[in-house]
file data08.cif (mmCIF, C-alpha atoms (C1' of nucleotides))
data_my_file
#
loop_
_atom_site.label_atom_id
_atom_site.label_comp_id
_atom_site.auth_asym_id
_atom_site.auth_seq_id
_atom_site.Cartn_x
_atom_site.Cartn_y
_atom_site.Cartn_z
CA MET C 273 0.00 0.00 0.00
CA SER C 274 2.11 2.84 1.29
CA ASN C 275 4.89 0.48 0.52
CA ARG C 276 6.34 3.07 -1.80
CA ARG C 277 5.80 5.81 0.67
CA ASP C 278 7.72 3.89 3.29
CA ALA C 279 10.50 3.25 0.82
CA VAL C 280 10.78 6.95 0.16
CA HIS C 281 10.74 7.66 3.84
CA ALA C 282 13.49 5.13 4.35
CA VAL C 283 15.74 6.87 1.87
CA LEU C 284 15.32 10.10 3.74
CA ARG C 285 16.09 8.46 7.03
CA GLN C 286 19.38 7.26 5.69
CA SER C 287 20.33 10.73 4.54
CA GLU C 288 22.40 13.21 6.47
CA GLY C 289 20.86 16.33 5.09
CA PHE C 290 18.08 17.57 2.86
CA ARG C 291 17.37 15.75 -0.38
CA SER C 292 15.44 16.85 -3.42
CA ALA C 293 12.68 14.77 -4.96
CA GLN C 294 14.69 14.20 -8.11
CA ASP C 295 17.59 13.23 -5.94
CA VAL C 296 15.63 10.64 -4.00
CA TYR C 297 14.13 9.32 -7.19
CA ALA C 298 17.54 8.92 -8.81
CA GLU C 299 18.92 7.06 -5.82
CA MET C 300 15.99 4.69 -5.64
CA ARG C 301 16.23 3.89 -9.31
CA ALA C 302 19.98 3.43 -9.00
CA GLU C 303 19.32 0.87 -6.29
CA GLY C 304 17.00 -0.99 -8.60
CA ALA C 305 13.73 0.13 -7.07
CA LYS C 306 10.81 0.24 -9.45
CA ILE C 307 9.17 3.52 -8.75
CA GLY C 308 8.01 6.47 -10.77
CA LEU C 309 8.97 10.06 -10.32
CA THR C 310 5.35 10.99 -9.82
CA THR C 311 5.05 8.60 -6.93
CA VAL C 312 8.14 9.96 -5.28
CA TYR C 313 6.68 13.43 -5.46
CA ARG C 314 3.39 12.26 -4.04
CA ALA C 315 5.06 10.33 -1.25
CA LEU C 316 7.16 13.31 -0.33
CA GLN C 317 4.15 15.58 -0.25
CA ALA C 318 2.18 13.15 1.84
CA LEU C 319 5.04 12.74 4.24
CA ALA C 320 5.38 16.49 4.50
CA ASP C 321 1.66 16.94 5.04
CA THR C 322 1.60 14.48 7.87
CA GLY C 323 4.61 16.13 9.40
CA HIS C 324 6.86 13.15 8.98
CA VAL C 325 9.42 15.12 7.07
CA ASP C 326 10.47 18.74 6.94
CA VAL C 327 10.53 20.72 3.75
CA LEU C 328 12.34 23.80 2.71
CA ARG C 329 13.22 25.60 -0.48
CA THR C 330 16.71 25.98 -1.80
CA ASP C 331 17.86 29.27 -3.23
CA ASP C 332 17.05 28.06 -6.69
CA GLY C 333 13.50 27.18 -5.81
CA GLU C 334 13.87 23.46 -5.45
CA SER C 335 12.01 21.71 -2.65
CA VAL C 336 14.16 19.60 -0.39
CA TYR C 337 13.03 17.15 2.25
CA ARG C 338 14.44 15.65 5.38
CA ALA C 339 13.32 13.07 7.89
CA CYS C 340 13.80 14.83 11.18
CA ALA C 341 14.41 13.20 14.52
CA SER C 342 12.16 15.56 16.36
CA GLY C 343 8.52 15.96 15.57
CA ASP C 344 8.47 19.19 17.48
CA HIS C 345 8.98 22.58 16.00
CA HIS C 346 12.63 23.18 15.32
CA HIS C 347 14.99 24.83 12.88
CA HIS C 348 18.03 23.78 10.94
CA LEU C 349 21.69 24.56 10.84
CA VAL C 350 22.83 23.47 7.41
CA CYS C 351 26.36 23.16 6.07
CA ARG C 352 26.30 24.87 2.71
CA THR C 353 29.09 22.68 1.45
CA CYS C 354 28.31 19.13 2.47
CA GLY C 355 24.68 19.60 3.40
CA ARG C 356 25.03 18.08 6.82
CA THR C 357 22.20 19.29 8.97
CA VAL C 358 21.79 19.84 12.69
CA GLU C 359 18.39 20.29 14.23
CA VAL C 360 18.32 23.20 16.59
CA ALA C 361 15.75 24.63 18.92
CA GLY C 362 15.39 28.35 19.37
CA PRO C 363 12.95 29.32 22.05
CA ALA C 364 14.35 32.81 21.97
CA VAL C 365 13.55 33.13 18.29
CA GLU C 366 10.04 31.81 18.71
CA ARG C 367 9.36 34.39 21.35
CA TRP C 368 10.97 37.12 19.31
CA ALA C 369 8.79 36.33 16.31
CA GLU C 370 5.66 36.37 18.42
CA ALA C 371 6.68 39.62 20.04
CA ILE C 372 7.53 41.36 16.78
CA GLY C 373 4.28 40.21 15.29
CA SER C 374 1.93 41.35 17.98
CA GLU C 375 3.90 44.53 18.40
CA HIS C 376 2.74 45.43 14.91
CA GLY C 377 -0.78 44.17 15.37
CA PHE C 378 -0.27 40.94 13.47
CA THR C 379 -1.93 37.71 14.51
CA GLU C 380 -1.52 34.06 13.64
CA ILE C 381 2.22 34.48 13.53
CA THR C 382 4.34 31.89 11.81
CA HIS C 383 7.95 32.11 10.82
CA THR C 384 10.70 30.50 8.84
CA VAL C 385 14.22 30.41 10.19
CA GLU C 386 17.14 28.62 8.64
CA VAL C 387 20.78 29.00 9.51
CA PHE C 388 23.54 28.24 7.03
CA GLY C 389 27.25 27.93 7.54
CA THR C 390 30.31 25.90 6.80
CA CYS C 391 30.80 23.00 9.16
CA ALA C 392 34.08 22.29 10.88
CA VAL C 393 35.01 19.48 8.53
CA CYS C 394 34.33 21.45 5.39
CA SER C 395 36.02 24.61 6.57
CA THR C 396 39.29 22.83 7.32
CA ALA C 397 39.09 20.79 4.13
CA ALA C 398 38.50 23.72 1.87
CA ARG C 399 41.07 26.14 3.12
CA PRO C 400 41.62 29.41 1.25
CA ALA C 401 43.87 28.43 -1.64
CA ARG C 402 46.51 30.94 -0.84
CA THR C 403 49.98 30.37 -2.20
CA PRO C 404 52.14 29.20 0.72
CA SER C 405 54.22 32.32 0.87
CA ARG C 406 56.35 30.75 3.56
CA ALA C 407 56.31 33.88 5.66
CA MET X 1068 20.42 52.86 -20.47
CA SER X 1069 19.44 51.73 -17.03
CA ASN X 1070 16.35 53.59 -17.96
CA ARG X 1071 14.40 50.36 -17.77
CA ARG X 1072 16.06 49.35 -14.60
CA ASP X 1073 15.02 52.59 -12.98
CA ALA X 1074 11.51 52.11 -14.22
CA VAL X 1075 11.38 48.69 -12.63
CA HIS X 1076 12.83 50.06 -9.43
CA ALA X 1077 10.19 52.77 -9.45
CA VAL X 1078 7.40 50.22 -9.61
CA LEU X 1079 8.80 48.46 -6.58
CA ARG X 1080 9.09 51.69 -4.66
CA GLN X 1081 5.41 52.34 -5.15
CA SER X 1082 4.49 48.92 -3.83
CA GLU X 1083 3.53 48.11 -0.30
CA GLY X 1084 4.80 44.57 -0.24
CA PHE X 1085 6.70 42.05 -2.27
CA ARG X 1086 5.98 41.76 -5.98
CA SER X 1087 6.81 39.01 -8.40
CA ALA X 1088 8.58 39.59 -11.69
CA GLN X 1089 5.51 38.64 -13.67
CA ASP X 1090 3.50 40.95 -11.51
CA VAL X 1091 5.76 43.91 -12.11
CA TYR X 1092 5.86 43.14 -15.80
CA ALA X 1093 2.09 43.01 -16.02
CA GLU X 1094 1.69 46.31 -14.25
CA MET X 1095 4.21 48.05 -16.44
CA ARG X 1096 2.59 46.79 -19.59
CA ALA X 1097 -0.80 47.79 -18.26
CA GLU X 1098 0.52 51.29 -17.81
CA GLY X 1099 1.66 51.33 -21.38
CA ALA X 1100 5.33 50.87 -20.77
CA LYS X 1101 7.20 49.18 -23.57
CA ILE X 1102 9.31 46.61 -21.86
CA GLY X 1103 9.95 42.93 -22.25
CA LEU X 1104 9.61 40.28 -19.64
CA THR X 1105 13.25 39.38 -20.05
CA THR X 1106 14.31 42.89 -19.22
CA VAL X 1107 12.17 42.96 -16.12
CA TYR X 1108 13.83 39.79 -14.92
CA ARG X 1109 17.26 41.17 -15.66
CA ALA X 1110 16.52 44.45 -13.96
CA LEU X 1111 15.21 42.69 -10.89
CA GLN X 1112 18.29 40.49 -10.69
CA ALA X 1113 20.61 43.43 -11.10
CA LEU X 1114 18.74 45.37 -8.45
CA ALA X 1115 18.96 42.41 -6.13
CA ASP X 1116 22.65 41.90 -6.80
CA THR X 1117 23.45 45.49 -5.98
CA GLY X 1118 21.39 45.22 -2.85
CA HIS X 1119 18.83 47.77 -3.95
CA VAL X 1120 15.98 45.40 -3.45
CA ASP X 1121 15.34 42.41 -1.23
CA VAL X 1122 14.34 39.05 -2.59
CA LEU X 1123 12.59 36.12 -1.07
CA ARG X 1124 10.82 33.01 -2.22
CA THR X 1125 7.14 32.39 -1.80
CA ASP X 1126 5.91 29.00 -0.73
CA ASP X 1127 5.28 28.05 -4.31
CA GLY X 1128 8.78 28.86 -5.37
CA GLU X 1129 8.20 32.21 -6.96
CA SER X 1130 10.75 34.97 -6.41
CA VAL X 1131 9.36 38.18 -5.07
CA TYR X 1132 11.09 41.53 -4.77
CA ARG X 1133 10.76 44.61 -2.65
CA ALA X 1134 12.47 47.98 -2.52
CA CYS X 1135 13.40 48.29 1.11
CA ALA X 1136 13.86 51.50 3.01
CA SER X 1137 16.85 50.27 4.88
CA GLY X 1138 20.00 49.10 3.20
CA ASP X 1139 21.07 47.43 6.39
CA HIS X 1140 20.43 43.85 7.28
CA HIS X 1141 16.84 43.37 8.36
CA HIS X 1142 13.98 40.96 8.20
CA HIS X 1143 10.34 41.13 7.23
CA LEU X 1144 6.99 40.81 8.85
CA VAL X 1145 4.61 40.04 6.02
CA CYS X 1146 0.83 39.96 6.07
CA ARG X 1147 -0.14 36.75 4.37
CA THR X 1148 -3.42 38.22 3.23
CA CYS X 1149 -2.69 41.66 1.82
CA GLY X 1150 1.06 41.38 1.54
CA ARG X 1151 1.76 44.50 3.51
CA THR X 1152 5.31 44.30 4.80
CA VAL X 1153 7.06 45.77 7.79
CA GLU X 1154 10.81 45.85 8.01
CA VAL X 1155 12.01 44.67 11.35
CA ALA X 1156 15.39 44.44 13.02
CA GLY X 1157 16.26 41.52 15.23
CA PRO X 1158 19.59 41.89 16.96
CA ALA X 1159 18.63 39.02 19.24
CA VAL X 1160 18.10 36.72 16.30
CA GLU X 1161 21.38 37.70 14.69
CA ARG X 1162 23.22 36.86 17.88
CA TRP X 1163 21.28 33.65 18.31
CA ALA X 1164 22.17 32.47 14.83
CA GLU X 1165 25.83 33.24 15.37
CA ALA X 1166 25.81 31.49 18.70
CA ILE X 1167 24.06 28.38 17.42
CA GLY X 1168 26.43 28.21 14.50
CA SER X 1169 29.70 28.45 16.37
CA GLU X 1170 28.34 26.21 19.08
CA HIS X 1171 28.30 23.48 16.46
CA GLY X 1172 31.61 24.41 14.89
CA PHE X 1173 30.10 26.16 11.90
CA THR X 1174 31.66 29.26 10.42
CA GLU X 1175 30.56 31.91 7.94
CA ILE X 1176 27.09 31.88 9.39
CA THR X 1177 24.24 33.36 7.43
CA HIS X 1178 20.55 33.02 8.04
CA THR X 1179 17.13 33.60 6.63
CA VAL X 1180 14.32 34.75 8.85
CA GLU X 1181 10.88 35.76 7.74
CA VAL X 1182 7.81 36.28 9.87
CA PHE X 1183 4.30 35.91 8.52
CA GLY X 1184 1.01 36.84 10.05
CA THR X 1185 -2.31 38.51 9.47
CA CYS X 1186 -2.20 42.25 9.93
CA ALA X 1187 -4.71 44.13 12.03
CA VAL X 1188 -6.68 45.37 9.04
CA CYS X 1189 -7.00 41.96 7.46
CA SER X 1190 -7.84 40.13 10.63
CA THR X 1191 -10.75 42.45 11.42
CA ALA X 1192 -11.94 42.40 7.85
CA ALA X 1193 -11.91 38.64 7.89
CA ARG X 1194 -13.59 38.37 4.56
CA PRO X 1195 -12.80 36.66 1.27
CA ALA X 1196 -9.39 38.09 0.58
CA ARG X 1197 -9.45 41.26 -1.41
CA THR X 1198 -6.38 43.34 -1.82
CA PRO X 1199 -6.93 46.85 -0.57
CA SER X 1200 -3.33 47.85 -1.26
CA ARG X 1201 -4.61 50.13 -3.94
CA ALA X 1202 -5.87 53.43 -2.66
"C1'" DA I 795 -13.75 -14.72 -8.75
"C1'" DT I 796 -15.98 -9.83 -9.55
"C1'" DG I 797 -16.58 -5.40 -9.28
"C1'" DA I 798 -15.18 -1.30 -6.59
"C1'" DT I 799 -11.50 1.56 -4.92
"C1'" DT I 800 -6.96 3.10 -4.40
"C1'" DT I 801 -2.28 3.45 -5.99
"C1'" DT I 802 0.96 3.79 -9.45
"C1'" DG I 803 3.61 5.69 -13.22
"C1'" DA I 804 4.51 7.04 -18.19
"C1'" DC I 805 3.82 11.05 -20.32
"C1'" DA I 806 1.97 15.50 -21.26
"C1'" DA I 807 1.01 19.99 -19.43
"C1'" DC I 808 2.46 24.00 -16.54
"C1'" DC I 809 4.80 27.92 -15.58
"C1'" DA I 810 8.39 30.81 -13.67
"C1'" DT I 811 12.80 31.62 -15.08
"C1'" DT I 812 16.76 31.46 -18.32
"C1'" DT I 813 18.99 31.29 -22.67
"C1'" DT I 814 19.46 32.40 -27.34
"C1'" DC I 815 20.20 35.49 -30.77
"C1'" DA I 816 19.04 39.01 -33.89
"C1'" DT I 817 17.92 43.80 -33.57
"C1'" DT I 818 18.10 48.34 -31.53
"C1'" DT I 819 20.24 51.95 -28.94
"C1'" DG I 820 23.85 54.78 -26.97
"C1'" DC I 821 28.00 56.82 -27.89
"C1'" DG I 822 32.87 57.79 -29.10
"C1'" DC I 823 35.43 58.98 -32.97
"C1'" DG I 824 37.09 60.11 -37.50
"C1'" DC Q 346 27.28 63.41 -39.76
"C1'" DG Q 347 28.06 58.55 -40.35
"C1'" DC Q 348 30.45 54.25 -38.96
"C1'" DG Q 349 31.04 50.77 -35.88
"C1'" DC Q 350 31.35 48.67 -31.57
"C1'" DA Q 351 29.50 47.18 -27.35
"C1'" DA Q 352 25.88 47.08 -24.13
"C1'" DA Q 353 20.92 46.69 -23.77
"C1'" DT Q 354 16.67 44.90 -25.26
"C1'" DG Q 355 13.02 41.60 -26.17
"C1'" DA Q 356 10.56 37.87 -28.82
"C1'" DA Q 357 10.66 33.42 -29.00
"C1'" DA Q 358 12.45 28.96 -27.71
"C1'" DA Q 359 14.56 26.14 -24.21
"C1'" DT Q 360 14.93 24.55 -19.35
"C1'" DG Q 361 13.63 22.14 -15.45
"C1'" DG Q 362 11.21 21.20 -11.33
"C1'" DT Q 363 6.65 20.15 -10.29
"C1'" DT Q 364 1.84 18.92 -11.13
"C1'" DG Q 365 -2.10 16.98 -13.80
"C1'" DT Q 366 -4.04 13.25 -16.67
"C1'" DC Q 367 -5.61 8.88 -17.25
"C1'" DA Q 368 -5.33 4.14 -18.16
"C1'" DA Q 369 -3.24 0.03 -16.27
"C1'" DA Q 370 -2.12 -2.55 -12.02
"C1'" DA Q 371 -2.47 -3.70 -7.26
"C1'" DT Q 372 -5.64 -4.18 -3.23
"C1'" DC Q 373 -9.92 -4.77 -0.94
"C1'" DA Q 374 -14.66 -6.13 0.09
"C1'" DT Q 375 -18.33 -9.06 -0.83
#
call {"tool": "encode", "arguments": {"input": "data08.cif", "output": "structure tokens"}}
result
Amino acid sequence: MSNRRDAVHAVLRQSEGFRSAQDVYAEMRAEGAKIGLTTVYRALQALADTGHVDVLRTDDGESVYRACASGDHHHHLVCRTCGRTVEVAGPAVERWAEAIGSEHGFTEITHTVEVFGTCAVCSTAARPARTPSRA
Amino acid sequence: MSNRRDAVHAVLRQSEGFRSAQDVYAEMRAEGAKIGLTTVYRALQALADTGHVDVLRTDDGESVYRACASGDHHHHLVCRTCGRTVEVAGPAVERWAEAIGSEHGFTEITHTVEVFGTCAVCSTAARPARTPSRA
DNA sequence: ATGATTTTGACAACCATTTTCATTTGCGCG
DNA sequence: CGCGCAAATGAAAATGGTTGTCAAAATCAT
């Protein structure tokens, strides 16, 4: 039944960071799974709707998904090089958003917060290619 | 030369909230301006690159632009009904993002923060959404 | 089994955005 | 002026992720 959906979910679970639909589809096909792109999209949407995975948009408008450990509201710290993602909580930010909103007479406040950076591994690996001037 | 670019910029200045490229293009054509969609896109990109306008992505992946009053780093409080936008500063959030990042060994931290809500006007006039942004 | 219902997936349709490329425009210079 | 070059422009075609279509296949209930 939701056999396919579970398969999709499984792929996400095995992933470190966010994956795109096309990405997941490609991997599944590469592993020999018989599944259509349409189904992957539908599974991903369903999973997102039921809150089983988190979604966000990349800078170029692509939707990327991730199976998160916590079902609670949280944000992400994403390495812009390797994509590794850390789930972070930010009570302070939640309160700030609420405060800012009501301060301006807004209700039903929601917010999107994502933090990007270069993780320790990637920053040491990709050091500034400066010519060793031996000085 | 940047005659078109200025024209595009002008349209954004007159707008209350974020506008899409197609949107801006439509308005300009409606006003009789002779301009191509391609040029609008290019102008918007250029404006964004030079930091003259802010860009963000809607939930459905469309890019929307806004001429912001402040050139400094700031975030937005956007009414999800009428689109009215308030520029807000959030020193606390900036510090939080930095802290979270370095706490996990990440460097070159950047972040995206957007707050959505229903503004006072729209929440009282809880009726089938009509855009009153036009006086 | 048999028909009903849901799921699937190949393929076409969408649509914002980008690319292509030929034409126009701005402009310095002889 | 007129010539030519280079940047700007825009119509049309290409791109590419995502969604819609619809008939075939899997699943279920009786």
call {"tool": "atom_distance", "arguments": {"input": "data08.cif", "atom1": "CA of Gln1089 in chain X", "atom2": "CA of Phe1183 in chain X"}}
result
22.4 Å
call {"tool": "interface_residues", "arguments": {"input": "data08.cif", "of": "chain C", "to": "chain Q", "cutoff": "9 Å", "atoms": "all atoms listed in the file", "output": "PDB file with C-alpha atoms, in the coordinates of the input"}}
result
ATOM      1  CA  MET C 273       0.000   0.000   0.000  1.00  0.00           C
ATOM      2  CA  GLN C 294      14.690  14.200  -8.110  1.00  0.00           C
ATOM      3  CA  THR C 310       5.350  10.990  -9.820  1.00  0.00           C
ATOM      4  CA  TYR C 313       6.680  13.430  -5.460  1.00  0.00           C
ATOM      5  CA  GLY C 333      13.500  27.180  -5.810  1.00  0.00           C
ATOM      6  CA  GLU C 334      13.870  23.460  -5.450  1.00  0.00           C
ATOM      7  CA  SER C 335      12.010  21.710  -2.650  1.00  0.00           C
TER       8      SER C 335
END
call {"tool": "calpha_fit_rmsd", "arguments": {"input": "data08.cif", "fixed": "chain C", "moving": "chain X"}}
result
6.1 Å
call {"tool": "resolve_selection", "arguments": {"input": "data08.cif", "expression": "the PyMOL selection byres ((chain C) within 12 of (chain I))", "output": "list in words"}}
result
Met273, Ser274, Asn275, Arg276, Arg277, Lys306, Ile307, Gly308, Leu309, Thr310, Thr311, Val312, Tyr313, Arg314, Ala315, Asp332 and Gly333 of chain C
call {"tool": "closest_residue", "arguments": {"input": "data08.cif", "among": "C:Asp278, C:Asp326, C:Asp321, C:Glu359", "to": "chain X", "atoms": "only C-alpha atoms"}}
result
C:Glu359
call {"tool": "interface_residues", "arguments": {"input": "data08.cif", "of": "chain C", "to": "chain X", "cutoff": "9 Å", "atoms": "all atoms listed in the file", "output": "number ranges by chain"}}
result
C: 328-329, 331-335, 349-351, 358, 360, 362, 364-365, 368-370, 372-373, 376-393, 395
call {"tool": "atom_distance", "arguments": {"input": "data08.cif", "atom1": "CA of Asp1139 in chain X", "atom2": "CA of Ala371 in chain C"}}
result
21.3 Å
call {"tool": "atom_distance", "arguments": {"input": "data08.cif", "atom1": "CA of Ala293 in chain C", "atom2": "CA of Ser1087 in chain X"}}
result
25.2 Å
call {"tool": "axis_aligned_box", "arguments": {"input": "data08.cif", "around": "range 1180-1184 of chain X", "padding_each_side": "8 Å", "output": "lines of an AutoDock Vina configuration file"}}
result
center_x = 7.7
center_y = 35.8
center_z = 8.9
size_x = 29.3
size_y = 18.1
size_z = 18.3
call {"tool": "build_atoms", "arguments": {"input": "data08.cif", "residues": "range 378-399 of chain C", "atoms": "N, CA and C atoms", "output": "short mmCIF file (atom, residue, chain, number, x, y, z; two decimals), in the coordinates of the input"}}
result
data_model
loop_
_atom_site.label_atom_id
_atom_site.label_comp_id
_atom_site.auth_asym_id
_atom_site.auth_seq_id
_atom_site.Cartn_x
_atom_site.Cartn_y
_atom_site.Cartn_z
N PHE C 378 -0.06 42.13 14.29
CA PHE C 378 -0.27 40.94 13.47
C PHE C 378 -0.68 39.77 14.35
N THR C 379 -1.52 38.91 13.78
CA THR C 379 -1.93 37.71 14.51
C THR C 379 -1.60 36.47 13.69
N GLU C 380 -1.81 35.33 14.32
CA GLU C 380 -1.52 34.06 13.64
C GLU C 380 -0.10 34.04 13.07
N ILE C 381 0.82 34.37 13.93
CA ILE C 381 2.22 34.48 13.53
C ILE C 381 2.85 33.12 13.23
N THR C 382 3.53 33.06 12.12
CA THR C 382 4.34 31.89 11.81
C THR C 382 5.69 32.46 11.37
N HIS C 383 6.66 31.59 11.26
CA HIS C 383 7.95 32.11 10.82
C HIS C 383 8.80 31.02 10.18
N THR C 384 9.76 31.44 9.41
CA THR C 384 10.70 30.50 8.84
C THR C 384 12.08 30.98 9.25
N VAL C 385 12.86 30.07 9.75
CA VAL C 385 14.22 30.41 10.19
C VAL C 385 15.15 29.29 9.77
N GLU C 386 16.16 29.62 9.03
CA GLU C 386 17.14 28.62 8.64
C GLU C 386 18.52 29.26 8.81
N VAL C 387 19.44 28.48 9.32
CA VAL C 387 20.78 29.00 9.51
C VAL C 387 21.74 28.20 8.63
N PHE C 388 22.58 28.91 7.90
CA PHE C 388 23.54 28.24 7.03
C PHE C 388 24.96 28.58 7.46
N GLY C 389 25.87 27.67 7.17
CA GLY C 389 27.25 27.93 7.54
C GLY C 389 28.13 26.87 6.93
N THR C 390 29.40 26.92 7.27
CA THR C 390 30.31 25.90 6.80
C THR C 390 30.73 25.10 8.02
N CYS C 391 30.50 23.80 7.98
CA CYS C 391 30.80 23.00 9.16
C CYS C 391 32.30 22.83 9.35
N ALA C 392 32.67 22.43 10.52
CA ALA C 392 34.08 22.29 10.88
C ALA C 392 34.87 21.48 9.85
N VAL C 393 34.34 20.35 9.50
CA VAL C 393 35.01 19.48 8.53
C VAL C 393 35.27 20.20 7.21
N CYS C 394 34.21 20.80 6.69
CA CYS C 394 34.33 21.45 5.39
C CYS C 394 35.22 22.70 5.42
N SER C 395 35.22 23.39 6.54
CA SER C 395 36.02 24.61 6.57
C SER C 395 37.52 24.30 6.65
N THR C 396 37.87 23.19 7.26
CA THR C 396 39.29 22.83 7.32
C THR C 396 39.70 22.21 5.98
N ALA C 397 38.81 21.45 5.40
CA ALA C 397 39.09 20.79 4.13
C ALA C 397 39.31 21.80 3.01
N ALA C 398 38.39 22.74 2.93
CA ALA C 398 38.50 23.72 1.87
C ALA C 398 39.12 25.01 2.37
N ARG C 399 40.40 24.95 2.60
CA ARG C 399 41.07 26.14 3.12
C ARG C 399 41.33 27.11 1.98
#
